[in-house]
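See below for run24.pdb, which holds PDB, C-alpha atoms, pLDDT in the B column.
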ATOM      1  CA  MET J 662      -9.410 204.137  64.621  1.00 81.00           C
ATOM      2  CA  THR J 663     -12.092 205.997  62.681  1.00 92.00           C
ATOM      3  CA  PHE J 664     -15.783 206.549  63.331  1.00 90.00           C
ATOM      4  CA  HIS J 665     -16.678 203.260  61.648  1.00 96.00           C
ATOM      5  CA  ILE J 666     -13.499 201.134  61.573  1.00 97.00           C
ATOM      6  CA  GLY J 667     -11.860 199.957  64.785  1.00 97.00           C
ATOM      7  CA  ALA J 668      -8.565 198.741  63.315  1.00 97.00           C
ATOM      8  CA  LYS J 669      -5.328 200.159  64.688  1.00 96.00           C
ATOM      9  CA  PRO J 670      -2.725 201.818  62.426  1.00 95.00           C
ATOM     10  CA  GLY J 671      -0.997 199.177  60.321  1.00 96.00           C
ATOM     11  CA  GLU J 672      -3.784 196.607  60.687  1.00 98.00           C
ATOM     12  CA  ILE J 673      -5.426 197.349  57.321  1.00 98.00           C
ATOM     13  CA  ALA J 674      -3.623 196.075  54.228  1.00 98.00           C
ATOM     14  CA  GLY J 675      -3.102 198.056  51.044  1.00 98.00           C
ATOM     15  CA  THR J 676      -5.329 195.577  49.213  1.00 98.00           C
ATOM     16  CA  CYS J 677      -8.915 195.326  50.467  1.00 98.00           C
ATOM     17  CA  LEU J 678     -11.626 192.929  49.337  1.00 98.00           C
ATOM     18  CA  LEU J 679     -15.062 194.370  50.070  1.00 98.00           C
ATOM     19  CA  PRO J 680     -18.067 192.068  50.429  1.00 97.00           C
ATOM     20  CA  GLY J 681     -21.289 193.675  51.532  1.00 96.00           C
ATOM     21  CA  ASP J 682     -22.119 190.942  54.046  1.00 93.00           C
ATOM     22  CA  PRO J 683     -19.822 190.907  57.114  1.00 95.00           C
ATOM     23  CA  TYR J 684     -20.357 187.152  57.465  1.00 93.00           C
ATOM     24  CA  ARG J 685     -19.112 186.691  53.917  1.00 93.00           C
ATOM     25  CA  ALA J 686     -16.006 188.617  54.974  1.00 96.00           C
ATOM     26  CA  ARG J 687     -15.458 186.110  57.787  1.00 96.00           C
ATOM     27  CA  TRP J 688     -16.057 183.155  55.469  1.00 94.00           C
ATOM     28  CA  ALA J 689     -13.682 184.469  52.789  1.00 96.00           C
ATOM     29  CA  ALA J 690     -10.951 185.312  55.294  1.00 97.00           C
ATOM     30  CA  THR J 691     -10.992 181.870  56.909  1.00 97.00           C
ATOM     31  CA  ARG J 692     -11.089 180.089  53.552  1.00 96.00           C
ATOM     32  CA  PHE J 693      -8.601 182.110  51.498  1.00 97.00           C
ATOM     33  CA  LEU J 694      -6.204 183.907  53.857  1.00 98.00           C
ATOM     34  CA  ASP J 695      -3.321 182.574  55.907  1.00 98.00           C
ATOM     35  CA  SER J 696      -3.415 183.537  59.589  1.00 98.00           C
ATOM     36  CA  PRO J 697      -6.479 185.800  59.326  1.00 98.00           C
ATOM     37  CA  ARG J 698      -7.223 187.884  62.404  1.00 98.00           C
ATOM     38  CA  LEU J 699     -10.171 190.044  63.264  1.00 98.00           C
ATOM     39  CA  VAL J 700      -9.048 193.693  63.191  1.00 98.00           C
ATOM     40  CA  SER J 701     -12.401 195.458  63.423  1.00 98.00           C
ATOM     41  CA  GLU J 702     -15.957 194.630  64.438  1.00 97.00           C
ATOM     42  CA  THR J 703     -17.305 198.136  64.958  1.00 96.00           C
ATOM     43  CA  ARG J 704     -21.100 198.154  64.554  1.00 95.00           C
ATOM     44  CA  GLY J 705     -20.915 194.472  63.642  1.00 95.00           C
ATOM     45  CA  MET J 706     -19.054 195.159  60.376  1.00 97.00           C
ATOM     46  CA  LEU J 707     -16.320 192.529  60.442  1.00 98.00           C
ATOM     47  CA  ALA J 708     -12.826 193.045  59.011  1.00 98.00           C
ATOM     48  CA  TYR J 709     -10.026 190.486  58.826  1.00 98.00           C
ATOM     49  CA  THR J 710      -6.413 190.880  57.794  1.00 98.00           C
ATOM     50  CA  GLY J 711      -4.147 188.021  56.752  1.00 98.00           C
ATOM     51  CA  THR J 712      -1.982 187.051  53.802  1.00 98.00           C
ATOM     52  CA  TRP J 713      -2.526 185.362  50.462  1.00 98.00           C
ATOM     53  CA  ARG J 714       0.632 183.835  48.984  1.00 97.00           C
ATOM     54  CA  GLY J 715       2.601 186.146  51.251  1.00 98.00           C
ATOM     55  CA  ASN J 716       0.691 189.292  50.256  1.00 98.00           C
ATOM     56  CA  PRO J 717      -1.174 191.234  52.978  1.00 98.00           C
ATOM     57  CA  VAL J 718      -4.938 191.373  52.387  1.00 98.00           C
ATOM     58  CA  THR J 719      -7.835 192.833  54.339  1.00 98.00           C
ATOM     59  CA  ILE J 720     -11.380 191.599  53.800  1.00 98.00           C
ATOM     60  CA  HIS J 721     -13.830 194.188  55.129  1.00 98.00           C
ATOM     61  CA  GLY J 722     -17.627 194.183  55.041  1.00 98.00           C
ATOM     62  CA  THR J 723     -19.280 197.317  53.671  1.00 98.00           C
ATOM     63  CA  GLY J 724     -22.994 196.833  54.280  1.00 97.00           C
ATOM     64  CA  MET J 725     -25.700 197.539  51.704  1.00 96.00           C
ATOM     65  CA  GLY J 726     -26.011 200.531  49.423  1.00 97.00           C
ATOM     66  CA  MET J 727     -23.858 203.380  48.185  1.00 97.00           C
ATOM     67  CA  PRO J 728     -24.000 205.476  51.384  1.00 96.00           C
ATOM     68  CA  SER J 729     -22.584 202.572  53.415  1.00 97.00           C
ATOM     69  CA  MET J 730     -19.959 201.786  50.765  1.00 98.00           C
ATOM     70  CA  SER J 731     -18.991 205.471  50.701  1.00 97.00           C
ATOM     71  CA  ILE J 732     -18.335 205.501  54.453  1.00 97.00           C
ATOM     72  CA  TYR J 733     -16.074 202.450  54.469  1.00 98.00           C
ATOM     73  CA  ALA J 734     -14.251 203.172  51.204  1.00 98.00           C
ATOM     74  CA  ASN J 735     -13.544 206.758  52.278  1.00 97.00           C
ATOM     75  CA  GLU J 736     -12.117 205.695  55.626  1.00 98.00           C
ATOM     76  CA  LEU J 737     -10.116 202.798  54.189  1.00 98.00           C
ATOM     77  CA  ILE J 738      -8.543 205.109  51.629  1.00 98.00           C
ATOM     78  CA  ARG J 739      -8.086 208.325  53.615  1.00 97.00           C
ATOM     79  CA  ASP J 740      -7.286 206.945  57.060  1.00 97.00           C
ATOM     80  CA  TYR J 741      -5.704 203.561  56.342  1.00 98.00           C
ATOM     81  CA  GLY J 742      -4.067 204.124  52.960  1.00 98.00           C
ATOM     82  CA  ALA J 743      -5.851 201.396  50.990  1.00 98.00           C
ATOM     83  CA  GLN J 744      -4.609 201.358  47.387  1.00 98.00           C
ATOM     84  CA  THR J 745      -6.612 198.556  45.780  1.00 98.00           C
ATOM     85  CA  LEU J 746     -10.295 198.029  46.562  1.00 98.00           C
ATOM     86  CA  ILE J 747     -12.180 195.122  45.023  1.00 98.00           C
ATOM     87  CA  ARG J 748     -15.867 194.665  45.675  1.00 98.00           C
ATOM     88  CA  VAL J 749     -16.855 190.985  45.830  1.00 98.00           C
ATOM     89  CA  GLY J 750     -20.614 190.888  45.966  1.00 96.00           C
ATOM     90  CA  SER J 751     -23.832 189.641  44.454  1.00 95.00           C
ATOM     91  CA  CYS J 752     -25.965 191.012  41.642  1.00 97.00           C
ATOM     92  CA  GLY J 753     -29.180 190.400  39.767  1.00 96.00           C
ATOM     93  CA  ALA J 754     -28.840 189.470  36.100  1.00 98.00           C
ATOM     94  CA  LEU J 755     -30.590 191.580  33.479  1.00 97.00           C
ATOM     95  CA  GLN J 756     -29.721 189.624  30.318  1.00 98.00           C
ATOM     96  CA  PRO J 757     -31.065 186.207  29.260  1.00 96.00           C
ATOM     97  CA  GLN J 758     -27.641 184.721  28.487  1.00 97.00           C
ATOM     98  CA  ILE J 759     -26.453 185.205  32.082  1.00 97.00           C
ATOM     99  CA  ALA J 760     -27.078 182.345  34.520  1.00 95.00           C
ATOM    100  CA  LEU J 761     -27.093 181.984  38.281  1.00 95.00           C
ATOM    101  CA  ARG J 762     -23.524 181.694  39.690  1.00 93.00           C
ATOM    102  CA  ASP J 763     -22.026 183.338  36.595  1.00 95.00           C
ATOM    103  CA  VAL J 764     -19.573 186.144  37.334  1.00 96.00           C
ATOM    104  CA  VAL J 765     -19.968 189.719  36.113  1.00 98.00           C
ATOM    105  CA  LEU J 766     -16.978 192.051  35.857  1.00 98.00           C
ATOM    106  CA  ALA J 767     -18.311 195.592  36.055  1.00 98.00           C
ATOM    107  CA  GLN J 768     -16.523 197.618  33.399  1.00 98.00           C
ATOM    108  CA  ALA J 769     -18.656 200.676  34.163  1.00 98.00           C
ATOM    109  CA  ALA J 770     -21.516 201.501  36.517  1.00 97.00           C
ATOM    110  CA  SER J 771     -24.549 203.628  35.714  1.00 96.00           C
ATOM    111  CA  SER J 772     -26.698 205.123  38.467  1.00 95.00           C
ATOM    112  CA  ILE J 773     -29.523 207.584  38.984  1.00 92.00           C
ATOM    113  CA  GLY J 774     -27.664 209.236  41.855  1.00 85.00           C
ATOM    114  CA  SER J 775     -25.024 208.550  44.483  1.00 87.00           C
ATOM    115  CA  PRO J 776     -23.488 210.209  47.568  1.00 89.00           C
ATOM    116  CA  SER J 777     -21.153 211.977  45.119  1.00 90.00           C
ATOM    117  CA  THR J 778     -23.900 213.460  42.943  1.00 86.00           C
ATOM    118  CA  SER J 779     -23.790 216.852  44.659  1.00 86.00           C
ATOM    119  CA  ILE J 780     -20.077 217.241  43.894  1.00 90.00           C
ATOM    120  CA  PHE J 781     -20.577 217.010  40.130  1.00 90.00           C
ATOM    121  CA  ARG J 782     -23.693 219.222  39.947  1.00 87.00           C
ATOM    122  CA  GLU J 783     -24.848 219.125  36.315  1.00 88.00           C
ATOM    123  CA  LEU J 784     -22.114 216.681  35.199  1.00 90.00           C
ATOM    124  CA  ARG J 785     -23.035 213.012  34.815  1.00 88.00           C
ATOM    125  CA  PHE J 786     -19.714 211.451  35.750  1.00 92.00           C
ATOM    126  CA  ALA J 787     -19.139 207.968  34.273  1.00 93.00           C
ATOM    127  CA  PRO J 788     -17.259 205.845  36.850  1.00 95.00           C
ATOM    128  CA  VAL J 789     -15.279 202.914  35.457  1.00 98.00           C
ATOM    129  CA  ALA J 790     -13.149 200.036  36.701  1.00 98.00           C
ATOM    130  CA  ASP J 791      -9.371 199.910  36.755  1.00 98.00           C
ATOM    131  CA  PHE J 792      -8.493 198.189  33.483  1.00 98.00           C
ATOM    132  CA  GLY J 793      -5.445 196.400  34.902  1.00 97.00           C
ATOM    133  CA  LEU J 794      -7.525 194.768  37.628  1.00 98.00           C
ATOM    134  CA  LEU J 795     -10.326 193.940  35.212  1.00 98.00           C
ATOM    135  CA  SER J 796      -8.074 192.306  32.637  1.00 97.00           C
ATOM    136  CA  LYS J 797      -6.275 190.204  35.264  1.00 98.00           C
ATOM    137  CA  ALA J 798      -9.560 189.121  36.836  1.00 97.00           C
ATOM    138  CA  TYR J 799     -10.840 188.079  33.425  1.00 97.00           C
ATOM    139  CA  ALA J 800      -7.701 186.064  32.772  1.00 96.00           C
ATOM    140  CA  ALA J 801      -8.105 184.284  36.121  1.00 95.00           C
ATOM    141  CA  ALA J 802     -11.772 183.368  35.617  1.00 93.00           C
ATOM    142  CA  SER J 803     -12.738 179.812  36.507  1.00 87.00           C
ATOM    143  CA  ALA J 804     -16.498 180.368  36.078  1.00 87.00           C
ATOM    144  CA  PRO J 805     -18.520 181.748  33.164  1.00 94.00           C
ATOM    145  CA  VAL J 806     -17.747 185.479  33.103  1.00 97.00           C
ATOM    146  CA  HIS J 807     -19.421 188.487  31.503  1.00 98.00           C
ATOM    147  CA  VAL J 808     -17.799 191.913  31.100  1.00 98.00           C
ATOM    148  CA  GLY J 809     -19.714 195.138  30.596  1.00 98.00           C
ATOM    149  CA  GLY J 810     -21.808 197.838  32.169  1.00 98.00           C
ATOM    150  CA  ILE J 811     -23.989 197.384  35.235  1.00 98.00           C
ATOM    151  CA  PHE J 812     -26.567 199.491  37.051  1.00 97.00           C
ATOM    152  CA  THR J 813     -26.016 200.570  40.660  1.00 97.00           C
ATOM    153  CA  SER J 814     -29.400 201.154  42.274  1.00 95.00           C
ATOM    154  CA  ASP J 815     -30.116 202.964  45.521  1.00 90.00           C
ATOM    155  CA  THR J 816     -33.234 200.873  46.115  1.00 89.00           C
ATOM    156  CA  PHE J 817     -33.605 197.135  46.629  1.00 87.00           C
ATOM    157  CA  TYR J 818     -37.377 196.849  46.225  1.00 87.00           C
ATOM    158  CA  ASP J 819     -37.617 198.808  43.002  1.00 78.00           C
ATOM    159  CA  GLU J 820     -40.919 199.137  41.171  1.00 76.00           C
ATOM    160  CA  ARG J 821     -39.508 200.775  38.020  1.00 81.00           C
ATOM    161  CA  SER J 822     -40.236 198.047  35.483  1.00 84.00           C
ATOM    162  CA  ASP J 823     -39.847 200.632  32.724  1.00 91.00           C
ATOM    163  CA  LEU J 824     -36.275 201.304  33.860  1.00 92.00           C
ATOM    164  CA  THR J 825     -35.499 197.595  33.933  1.00 92.00           C
ATOM    165  CA  ASP J 826     -36.742 197.332  30.353  1.00 93.00           C
ATOM    166  CA  GLN J 827     -34.487 200.178  29.206  1.00 96.00           C
ATOM    167  CA  LEU J 828     -31.452 198.798  31.033  1.00 96.00           C
ATOM    168  CA  GLN J 829     -31.947 195.442  29.379  1.00 96.00           C
ATOM    169  CA  ARG J 830     -32.492 197.098  26.006  1.00 96.00           C
ATOM    170  CA  HIS J 831     -29.193 198.982  26.326  1.00 97.00           C
ATOM    171  CA  GLY J 832     -27.164 195.892  27.204  1.00 97.00           C
ATOM    172  CA  CYS J 833     -26.773 196.445  30.939  1.00 98.00           C
ATOM    173  CA  LEU J 834     -25.626 193.136  32.409  1.00 98.00           C
ATOM    174  CA  ALA J 835     -26.797 193.301  36.007  1.00 98.00           C
ATOM    175  CA  VAL J 836     -28.003 195.420  38.899  1.00 97.00           C
ATOM    176  CA  GLU J 837     -26.474 195.838  42.373  1.00 97.00           C
ATOM    177  CA  MET J 838     -26.151 198.613  44.971  1.00 97.00           C
ATOM    178  CA  GLU J 839     -22.554 199.747  45.580  1.00 98.00           C
ATOM    179  CA  THR J 840     -20.231 199.859  42.566  1.00 98.00           C
ATOM    180  CA  ALA J 841     -20.880 203.329  41.136  1.00 97.00           C
ATOM    181  CA  GLU J 842     -19.823 205.024  44.359  1.00 97.00           C
ATOM    182  CA  LEU J 843     -16.785 202.761  44.814  1.00 98.00           C
ATOM    183  CA  TYR J 844     -15.543 203.588  41.309  1.00 98.00           C
ATOM    184  CA  THR J 845     -16.175 207.291  41.826  1.00 97.00           C
ATOM    185  CA  LEU J 846     -14.173 207.347  45.059  1.00 98.00           C
ATOM    186  CA  ALA J 847     -11.338 205.401  43.445  1.00 98.00           C
ATOM    187  CA  ALA J 848     -11.178 207.999  40.687  1.00 98.00           C
ATOM    188  CA  ARG J 849     -11.242 210.851  43.207  1.00 97.00           C
ATOM    189  CA  TYR J 850      -8.378 209.448  45.261  1.00 98.00           C
ATOM    190  CA  GLN J 851      -6.498 207.860  42.327  1.00 98.00           C
ATOM    191  CA  ARG J 852      -6.805 204.313  43.623  1.00 98.00           C
ATOM    192  CA  ARG J 853      -7.518 201.025  41.843  1.00 98.00           C
ATOM    193  CA  ALA J 854     -11.008 199.565  42.058  1.00 98.00           C
ATOM    194  CA  LEU J 855     -12.991 196.716  40.539  1.00 98.00           C
ATOM    195  CA  SER J 856     -16.322 195.032  41.204  1.00 98.00           C
ATOM    196  CA  ILE J 857     -16.509 191.269  40.761  1.00 98.00           C
ATOM    197  CA  LEU J 858     -20.101 190.128  41.127  1.00 97.00           C
ATOM    198  CA  THR J 859     -21.665 186.684  41.353  1.00 96.00           C
ATOM    199  CA  VAL J 860     -25.182 186.369  39.970  1.00 96.00           C
ATOM    200  CA  SER J 861     -27.411 185.452  42.900  1.00 95.00           C
ATOM    201  CA  ASP J 862     -30.758 186.091  41.246  1.00 95.00           C
ATOM    202  CA  HIS J 863     -32.223 186.788  37.827  1.00 96.00           C
ATOM    203  CA  ILE J 864     -34.440 189.812  37.350  1.00 92.00           C
ATOM    204  CA  LEU J 865     -36.060 188.402  34.188  1.00 91.00           C
ATOM    205  CA  THR J 866     -36.873 184.887  35.405  1.00 93.00           C
ATOM    206  CA  GLY J 867     -37.168 185.316  39.168  1.00 93.00           C
ATOM    207  CA  ALA J 868     -34.674 182.495  39.805  1.00 95.00           C
ATOM    208  CA  ALA J 869     -32.523 182.971  42.915  1.00 94.00           C
ATOM    209  CA  LEU J 870     -29.877 181.247  44.997  1.00 91.00           C
ATOM    210  CA  PRO J 871     -30.826 180.262  48.556  1.00 87.00           C
ATOM    211  CA  ALA J 872     -29.461 182.476  51.340  1.00 77.00           C
ATOM    212  CA  PRO J 873     -26.628 180.111  52.458  1.00 74.00           C
ATOM    213  CA  ASP J 874     -25.242 180.054  48.910  1.00 76.00           C
ATOM    214  CA  ARG J 875     -25.171 183.847  48.840  1.00 70.00           C
ATOM    215  CA  GLU J 876     -22.940 183.846  51.915  1.00 62.00           C
ATOM    216  CA  THR J 877     -20.567 180.999  51.186  1.00 65.00           C
ATOM    217  CA  GLY J 878     -20.978 179.912  47.566  1.00 68.00           C
ATOM    218  CA  PHE J 879     -18.965 182.649  45.898  1.00 88.00           C
ATOM    219  CA  ALA J 880     -15.486 181.155  45.899  1.00 91.00           C
ATOM    220  CA  ALA J 881     -14.784 181.787  42.203  1.00 91.00           C
ATOM    221  CA  MET J 882     -14.973 185.575  42.509  1.00 94.00           C
ATOM    222  CA  ILE J 883     -12.782 185.669  45.626  1.00 96.00           C
ATOM    223  CA  ASP J 884     -10.124 183.696  43.789  1.00 95.00           C
ATOM    224  CA  MET J 885     -10.427 186.039  40.791  1.00 96.00           C
ATOM    225  CA  ALA J 886     -10.107 189.085  43.031  1.00 98.00           C
ATOM    226  CA  LEU J 887      -6.933 187.843  44.677  1.00 98.00           C
ATOM    227  CA  HIS J 888      -5.327 186.959  41.356  1.00 97.00           C
ATOM    228  CA  ALA J 889      -6.344 190.330  39.920  1.00 98.00           C
ATOM    229  CA  ALA J 890      -4.748 192.160  42.836  1.00 98.00           C
ATOM    230  CA  PHE J 891      -1.436 190.320  42.798  1.00 97.00           C
ATOM    231  CA  ALA J 892      -0.875 188.768  39.350  1.00 92.00           C
ATOM    232  CA  LYS J 893       2.323 189.921  37.675  1.00 84.00           C
ATOM    233  CA  GLY J 894       2.374 191.590  34.277  1.00 67.00           C
TER
END

Encoded form (structure tokens):
Amino acid sequence: MTFHIGAKPGEIAGTCLLPGDPYRARWAATRFLDSPRLVSETRGMLAYTGTWRGNPVTIHGTGMGMPSMSIYANELIRDYGAQTLIRVGSCGALQPQIALRDVVLAQAASSIGSPSTSIFRELRFAPVADFGLLSKAYAAASAPVHVGGIFTSDTFYDERSDLTDQLQRHGCLAVEMETAELYTLAARYQRRALSILTVSDHILTGAALPAPDRETGFAAMIDMALHAAFAKG
């Protein structure tokens, strides 16, 4: 066990899917995994381990924001030996051609700062996805998919309309709150990481999915994540 994960040694798989919402972890585990079992519920952050087509998989909630993602990704990697970490979460679209329920594959993640900022000092490190995972996820897409850069914000209720304008101007696809730190940690520990994001709201139009759809309506990205993790070639 660690400070934040209650699983015993051997109960966390080498491949981890990481939704922010612990209830989405429960939904995904019961829908996609064979024989899922609860292996951690420390602080209400649910984690399930089962198999997909015979391959061990853990689905572990991470909470909201880069600090929370940093805690769980660090412990999954350092203490449980996770090798492949795929965020499956929601995002807000920043481009007019992107619709609700479309999927965004985050090729790179910009941010103003992250829990790792102090390590790099004056360097602006550019965290990116694992290309093998990204290309396999793209090949497995069953929903409209967009590939490119995203913005990882450390605030949810942001009032920087000028920043939104510049992100849109520079082709940024979407905004969310965890990916930049996940990619940075994967680079640090030489692990594979990818963020697969379903568009739950649109920053430009104000359109949004209802709360139940955010929890359970994201089947396409879970399927993409599993194929990306285990597809041959």

Practice item. Using CA of Met727 in chain J and CA of Thr676 in chain J as the two end points, give the distance in Å to one decimal. Key: 20.1 Å

Point to revise | Selected residue, from J:Arg687, J:Arg875, J:Lys893, J:Arg714, that lies nearest to Cys752 in chain J when counting only C-alpha atoms | key: J:Arg875

Matched chain/residue IDs from the PyMOL selection byres ((chain J and resi 831) around 12), as a PDB file with C-alpha atoms, keeping the file's coordinate frame:
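The new file selection29.pdb reads:
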ATOM      1  CA  LEU J 755     -30.590 191.580  33.479  1.00 97.00           C
ATOM      2  CA  GLN J 756     -29.721 189.624  30.318  1.00 98.00           C
ATOM      3  CA  SER J 771     -24.549 203.628  35.714  1.00 96.00           C
ATOM      4  CA  GLY J 809     -19.714 195.138  30.596  1.00 98.00           C
ATOM      5  CA  GLY J 810     -21.808 197.838  32.169  1.00 98.00           C
ATOM      6  CA  ILE J 811     -23.989 197.384  35.235  1.00 98.00           C
ATOM      7  CA  PHE J 812     -26.567 199.491  37.051  1.00 97.00           C
ATOM      8  CA  LEU J 824     -36.275 201.304  33.860  1.00 92.00           C
ATOM      9  CA  THR J 825     -35.499 197.595  33.933  1.00 92.00           C
ATOM     10  CA  ASP J 826     -36.742 197.332  30.353  1.00 93.00           C
ATOM     11  CA  GLN J 827     -34.487 200.178  29.206  1.00 96.00           C
ATOM     12  CA  LEU J 828     -31.452 198.798  31.033  1.00 96.00           C
ATOM     13  CA  GLN J 829     -31.947 195.442  29.379  1.00 96.00           C
ATOM     14  CA  ARG J 830     -32.492 197.098  26.006  1.00 96.00           C
ATOM     15  CA  GLY J 832     -27.164 195.892  27.204  1.00 97.00           C
ATOM     16  CA  CYS J 833     -26.773 196.445  30.939  1.00 98.00           C
ATOM     17  CA  LEU J 834     -25.626 193.136  32.409  1.00 98.00           C
ATOM     18  CA  ALA J 835     -26.797 193.301  36.007  1.00 98.00           C
TER      19      ALA J 835
END

Practice item. Find, counting all atoms listed in the file, the residue in J:His888, J:His807, J:Gly675, J:Val700 that gets nearest to Ala754 in chain J. Key: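 Closest candidate: J:His807.
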
Study note, to complete from the structure: From the list J:Phe891, J:Tyr733, J:Tyr799, J:Tyr741, the nearest residue to Pro717 in chain J using only C-alpha atoms is J:Phe891

Exercise for review: Would you work out the distance separating CA of Met725 in chain J from CA of Ala801 in chain J, expressed in Å to one decimal?
Suggested key: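 Computed distance, CA of Met725 in chain J to CA of Ala801 in chain J, equals 27.0 Å.
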
Practice item. Run the PyMOL selection byres ((chain J and resi 668) around 9) against the file shown and list the residues it catches, as an MDAnalysis selection string. Key: chainID J and resid 662:663 666:667 669:673 699:703 708 741

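For the residues J:Ile773, J:Ala760, J:Ile747, J:Met838, ranking by smallest atom-to-atom distance to Ala798 in chain J using only C-alpha atoms places J:Ile747 first.
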
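Going from CA of Thr723 in chain J to CA of Ser861 in chain J covers 18.0 Å.
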
Exercise for review: Could you tell me which residues the PyMOL selection byres ((chain J and resi 795) around 12) grabs in this file, written as a count of residues only?
Suggested key: 36

Per residue of range 730-758 of chain J within 9 Å of range 678-686 of chain J, note the shortest atom pair and the distance in Å to one decimal, counting all atoms listed in the file, and order the rows by chain and increasing residue number, as JSON lines.
{"residue": "J:Met730", "atom": "CA", "partner": "J:Gly681", "partner_atom": "CA", "distance": 8.3}
{"residue": "J:Ala734", "atom": "CA", "partner": "J:Leu679", "partner_atom": "CA", "distance": 8.9}
{"residue": "J:Thr745", "atom": "CA", "partner": "J:Leu678", "partner_atom": "CA", "distance": 8.3}
{"residue": "J:Leu746", "atom": "CA", "partner": "J:Leu678", "partner_atom": "CA", "distance": 6.0}
{"residue": "J:Ile747", "atom": "CA", "partner": "J:Leu678", "partner_atom": "CA", "distance": 4.9}
{"residue": "J:Arg748", "atom": "CA", "partner": "J:Leu679", "partner_atom": "CA", "distance": 4.5}
{"residue": "J:Val749", "atom": "CA", "partner": "J:Pro680", "partner_atom": "CA", "distance": 4.9}
{"residue": "J:Gly750", "atom": "CA", "partner": "J:Pro680", "partner_atom": "CA", "distance": 5.3}
{"residue": "J:Ser751", "atom": "CA", "partner": "J:Gly681", "partner_atom": "CA", "distance": 8.5}

Point to revise | Spatial neighbours of Asp763 in chain J, max dist 6 Å, all atoms listed in the file, sep filter under 6 positions, as a ChimeraX atom specification | key: /J:805-806,859-860

Atoms to include: C-alpha atoms. Write the selected residues as an mmCIF file, in the frame of the given file.
data_model
loop_
_atom_site.group_PDB
_atom_site.id
_atom_site.type_symbol
_atom_site.label_atom_id
_atom_site.label_comp_id
_atom_site.auth_asym_id
_atom_site.auth_seq_id
_atom_site.Cartn_x
_atom_site.Cartn_y
_atom_site.Cartn_z
ATOM 1 C CA PRO J 805 -18.520 181.748 33.164
ATOM 2 C CA VAL J 806 -17.747 185.479 33.103
ATOM 3 C CA THR J 859 -21.665 186.684 41.353
ATOM 4 C CA VAL J 860 -25.182 186.369 39.970
#

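Shortest separation to Ala881 in chain J among J:Val764, J:Ser772, J:Leu707, J:Gly867 occurs at residue J:Val764, atoms counted being all atoms listed in the file.
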
Check your understanding: Which is closer to Glu839 in chain J than all the others in J:Ile759, J:Ile732, J:Leu865, J:Ile780, using all atoms listed in the file?
Key ->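 For Glu839 in chain J, the nearest of the given residues is J:Ile732.
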
For Thr710 in chain J, work out the shell of residues within 6 Å, counting all atoms listed in the file and skipping chain neighbours fewer than 2 positions away, then give it as an mmCIF file with C-alpha atoms, in the frame of the given file.
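Contents of selection-v2.cif, as written:
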data_model
loop_
_atom_site.group_PDB
_atom_site.id
_atom_site.type_symbol
_atom_site.label_atom_id
_atom_site.label_comp_id
_atom_site.auth_asym_id
_atom_site.auth_seq_id
_atom_site.Cartn_x
_atom_site.Cartn_y
_atom_site.Cartn_z
ATOM 1 C CA PRO J 697 -6.479 185.800 59.326
ATOM 2 C CA ARG J 698 -7.223 187.884 62.404
ATOM 3 C CA VAL J 718 -4.938 191.373 52.387
ATOM 4 C CA THR J 719 -7.835 192.833 54.339
#

Starting from 3 Å padding per side, set up an axis-aligned box that covers all listed atoms of range 703-715 of chain J and hand over centre and edge lengths in Å, one decimal, as AutoDock Vina command-line options.
--center_x -9.2 --center_y 191.0 --center_z 57.0 --size_x 29.7 --size_y 20.3 --size_z 22.0

Practice item. Give me the residues within 12 Å of Pro776 in chain J as JSON, numbers by chain, counting all atoms listed in the file and dropping any in the same chain fewer than 5 places off. Key: {"J": [726, 727, 728, 729, 730, 731, 732, 735, 781, 782, 815, 839, 840, 841, 842, 843, 845, 846]}

Practice item. Show which residues sit within 6 Å of Arg852 in chain J, as a ChimeraX atom specification. Count only C-alpha atoms, and ignore same-chain residues fewer than 2 positions away. Key: /J:744,847,850
